[in-house]
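Asks: My questions all concern the structure below.
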Amino acid sequence: MLRSETPPPPGNLDSHEPPENDRPNAAQLKGDINSGRTGDKIEHVDVGAAMLGTCEEAGGAPPTSQEVKLARKNEAASERVRDAADPHGKRSWTLPLYGGVLAAICVVLVVGLMLIH
């Protein structure tokens, strides 16, 4: 109940969408994911054990800029998908509505039990 809503470092870093580039790299694709551009998650720095492309590079076949460019294009989510995640609470009425419905159900149950006895 009494906890901080601010994640510890490095999770508290800002993760802005990386700029477009003619020769993108795997770090920019990771930046797309962290910024929420892909629609997979909300904007948050995800500290991974290894950066994207590390395995390919270790295997001798690092991703080319054209492959990364294609991946960035294919992974980009539409605005509708990104808005559906509601990462910053644009629909602040949902939690009070949920609490109200839960309270109303409790009241109905209590009154129903009182009337039965």
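Chains: A, B, ... in order of the structure tokens. Residues: from 1 per chain. Ligands: from 1, in order shown.
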May I have the residues within 6 Å of segment 73-84 of chain A as a list of chain:residue names, using only C-alpha atoms and disregarding those fewer than 5 positions away in the same chain?
Replies: A:Arg37, A:Thr38, A:Gly39
Asks: Based on the selection just made, write N, CA and C atoms of those residues as a PDB file, in the first residue's frame.
Replies:
```pdb
ATOM      1  N   ARG A  37       6.356   2.678 -29.139  1.00  0.00           N
ATOM      2  CA  ARG A  37       6.005   2.858 -30.558  1.00  0.00           C
ATOM      3  C   ARG A  37       5.461   1.579 -31.185  1.00  0.00           C
ATOM      4  N   THR A  38       5.871   0.427 -30.670  1.00  0.00           N
ATOM      5  CA  THR A  38       5.433  -0.841 -31.242  1.00  0.00           C
ATOM      6  C   THR A  38       4.084  -1.293 -30.698  1.00  0.00           C
ATOM      7  N   GLY A  39       3.602  -0.660 -29.642  1.00  0.00           N
ATOM      8  CA  GLY A  39       2.310  -1.023 -29.071  1.00  0.00           C
ATOM      9  C   GLY A  39       2.366  -2.242 -28.172  1.00  0.00           C
TER      10      GLY A  39
END
```
Asks: Identify, on the basis of only C-alpha atoms, every residue whose closest approach to segment 88-105 of chain A does not exceed 10 Å; exclude the query and any residue fewer than 5 positions from it along the same chain; express the result as a list in words.
Replies: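 After dropping sequence-adjacent residues, the list is Ile42, Glu43, Asp83, Val110 and Val111 of chain A.
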Asks: Could you list, as a JSON list (two decimals) with all heavy atoms, in the first residue's frame, every residue within 10 Å of segment 53-56 of chain A, counting only C-alpha atoms and ignoring same-chain residues fewer than 2 positions away?
Replies:
```json
[["chain", "number", "residue", "atom", "x", "y", "z"],
["A", 25, "ASN", "N", 19.90, 1.19, -36.52],
["A", 25, "ASN", "CA", 20.58, 0.05, -35.93],
["A", 25, "ASN", "C", 19.66, -0.63, -34.91],
["A", 25, "ASN", "O", 18.55, -0.16, -34.66],
["A", 25, "ASN", "CB", 21.91, 0.48, -35.29],
["A", 25, "ASN", "CG", 21.71, 1.58, -34.28],
["A", 25, "ASN", "OD1", 20.71, 1.63, -33.57],
["A", 25, "ASN", "ND2", 22.67, 2.49, -34.21],
["A", 26, "ALA", "N", 20.12, -1.71, -34.34],
["A", 26, "ALA", "CA", 19.30, -2.49, -33.41],
["A", 26, "ALA", "C", 18.96, -1.68, -32.16],
["A", 26, "ALA", "O", 17.90, -1.88, -31.56],
["A", 26, "ALA", "CB", 20.01, -3.78, -33.03],
["A", 27, "ALA", "N", 19.82, -0.75, -31.77],
["A", 27, "ALA", "CA", 19.53, 0.08, -30.60],
["A", 27, "ALA", "C", 18.31, 0.97, -30.86],
["A", 27, "ALA", "O", 17.53, 1.24, -29.95],
["A", 27, "ALA", "CB", 20.74, 0.94, -30.25],
["A", 29, "LEU", "N", 15.78, 0.12, -32.80],
["A", 29, "LEU", "CA", 14.64, -0.79, -32.70],
["A", 29, "LEU", "C", 14.29, -1.01, -31.24],
["A", 29, "LEU", "O", 13.12, -0.99, -30.86],
["A", 29, "LEU", "CB", 14.95, -2.12, -33.39],
["A", 29, "LEU", "CG", 13.84, -3.17, -33.38],
["A", 29, "LEU", "CD1", 12.57, -2.63, -34.02],
["A", 29, "LEU", "CD2", 14.31, -4.44, -34.08],
["A", 30, "LYS", "N", 15.28, -1.20, -30.39],
["A", 30, "LYS", "CA", 15.05, -1.33, -28.94],
["A", 30, "LYS", "C", 14.43, -0.04, -28.39],
["A", 30, "LYS", "O", 13.53, -0.09, -27.56],
["A", 30, "LYS", "CB", 16.38, -1.63, -28.25],
["A", 30, "LYS", "CG", 16.34, -1.67, -26.76],
["A", 30, "LYS", "CD", 15.85, -2.99, -26.25],
["A", 30, "LYS", "CE", 16.07, -3.04, -24.75],
["A", 30, "LYS", "NZ", 15.52, -4.20, -24.15],
["A", 50, "ALA", "N", 21.04, -8.49, -22.66],
["A", 50, "ALA", "CA", 21.79, -8.27, -23.89],
["A", 50, "ALA", "C", 20.93, -7.44, -24.84],
["A", 50, "ALA", "O", 19.72, -7.64, -24.91],
["A", 50, "ALA", "CB", 22.16, -9.59, -24.54],
["A", 51, "MET", "N", 21.54, -6.52, -25.53],
["A", 51, "MET", "CA", 20.81, -5.68, -26.48],
["A", 51, "MET", "C", 20.35, -6.51, -27.67],
["A", 51, "MET", "O", 20.91, -7.56, -27.97],
["A", 51, "MET", "CB", 21.70, -4.54, -26.97],
["A", 51, "MET", "CG", 21.99, -3.49, -25.93],
["A", 51, "MET", "SD", 20.52, -2.65, -25.33],
["A", 51, "MET", "CE", 20.02, -1.74, -26.75],
["A", 58, "ALA", "N", 27.17, -12.00, -32.48],
["A", 58, "ALA", "CA", 28.06, -13.04, -31.96],
["A", 58, "ALA", "C", 28.13, -14.22, -32.93],
["A", 58, "ALA", "O", 29.16, -14.89, -33.02],
["A", 58, "ALA", "CB", 27.60, -13.51, -30.60],
["A", 59, "GLY", "N", 27.06, -14.46, -33.65],
["A", 59, "GLY", "CA", 27.04, -15.56, -34.62],
["A", 59, "GLY", "C", 27.68, -15.19, -35.94],
["A", 59, "GLY", "O", 27.73, -16.01, -36.86],
["A", 60, "GLY", "N", 28.14, -13.95, -36.07],
["A", 60, "GLY", "CA", 28.82, -13.54, -37.29],
["A", 60, "GLY", "C", 27.92, -12.94, -38.34],
["A", 60, "GLY", "O", 28.35, -12.69, -39.45],
["A", 61, "ALA", "N", 26.64, -12.73, -38.02],
["A", 61, "ALA", "CA", 25.71, -12.16, -39.01],
["A", 61, "ALA", "C", 24.89, -11.05, -38.37],
["A", 61, "ALA", "O", 23.70, -11.20, -38.12],
["A", 61, "ALA", "CB", 24.80, -13.25, -39.55],
["A", 62, "PRO", "N", 25.53, -9.90, -38.05],
["A", 62, "PRO", "CA", 24.77, -8.81, -37.45],
["A", 62, "PRO", "C", 23.68, -8.31, -38.39],
["A", 62, "PRO", "O", 23.83, -8.39, -39.61],
["A", 62, "PRO", "CB", 25.82, -7.74, -37.19],
["A", 62, "PRO", "CG", 26.91, -8.03, -38.14],
["A", 62, "PRO", "CD", 26.89, -9.52, -38.35],
["A", 63, "PRO", "N", 22.57, -7.81, -37.84],
["A", 63, "PRO", "CA", 21.50, -7.32, -38.72],
["A", 63, "PRO", "C", 21.96, -6.10, -39.52],
["A", 63, "PRO", "O", 22.61, -5.21, -38.98],
["A", 63, "PRO", "CB", 20.37, -6.96, -37.75],
["A", 63, "PRO", "CG", 21.03, -6.77, -36.43],
["A", 63, "PRO", "CD", 22.24, -7.64, -36.43],
["A", 64, "THR", "N", 21.61, -6.10, -40.79],
["A", 64, "THR", "CA", 21.96, -4.95, -41.63],
["A", 64, "THR", "C", 21.00, -3.80, -41.34],
["A", 64, "THR", "O", 19.93, -3.99, -40.75],
["A", 64, "THR", "CB", 21.87, -5.32, -43.12],
["A", 64, "THR", "OG1", 20.50, -5.60, -43.43],
["A", 64, "THR", "CG2", 22.75, -6.51, -43.45],
["A", 68, "VAL", "N", 16.98, -3.86, -40.14],
["A", 68, "VAL", "CA", 16.48, -3.10, -38.99],
["A", 68, "VAL", "C", 15.42, -2.10, -39.44],
["A", 68, "VAL", "O", 14.40, -1.92, -38.78],
["A", 68, "VAL", "CB", 17.63, -2.39, -38.24],
["A", 68, "VAL", "CG1", 17.10, -1.50, -37.14],
["A", 68, "VAL", "CG2", 18.61, -3.41, -37.68]]
```
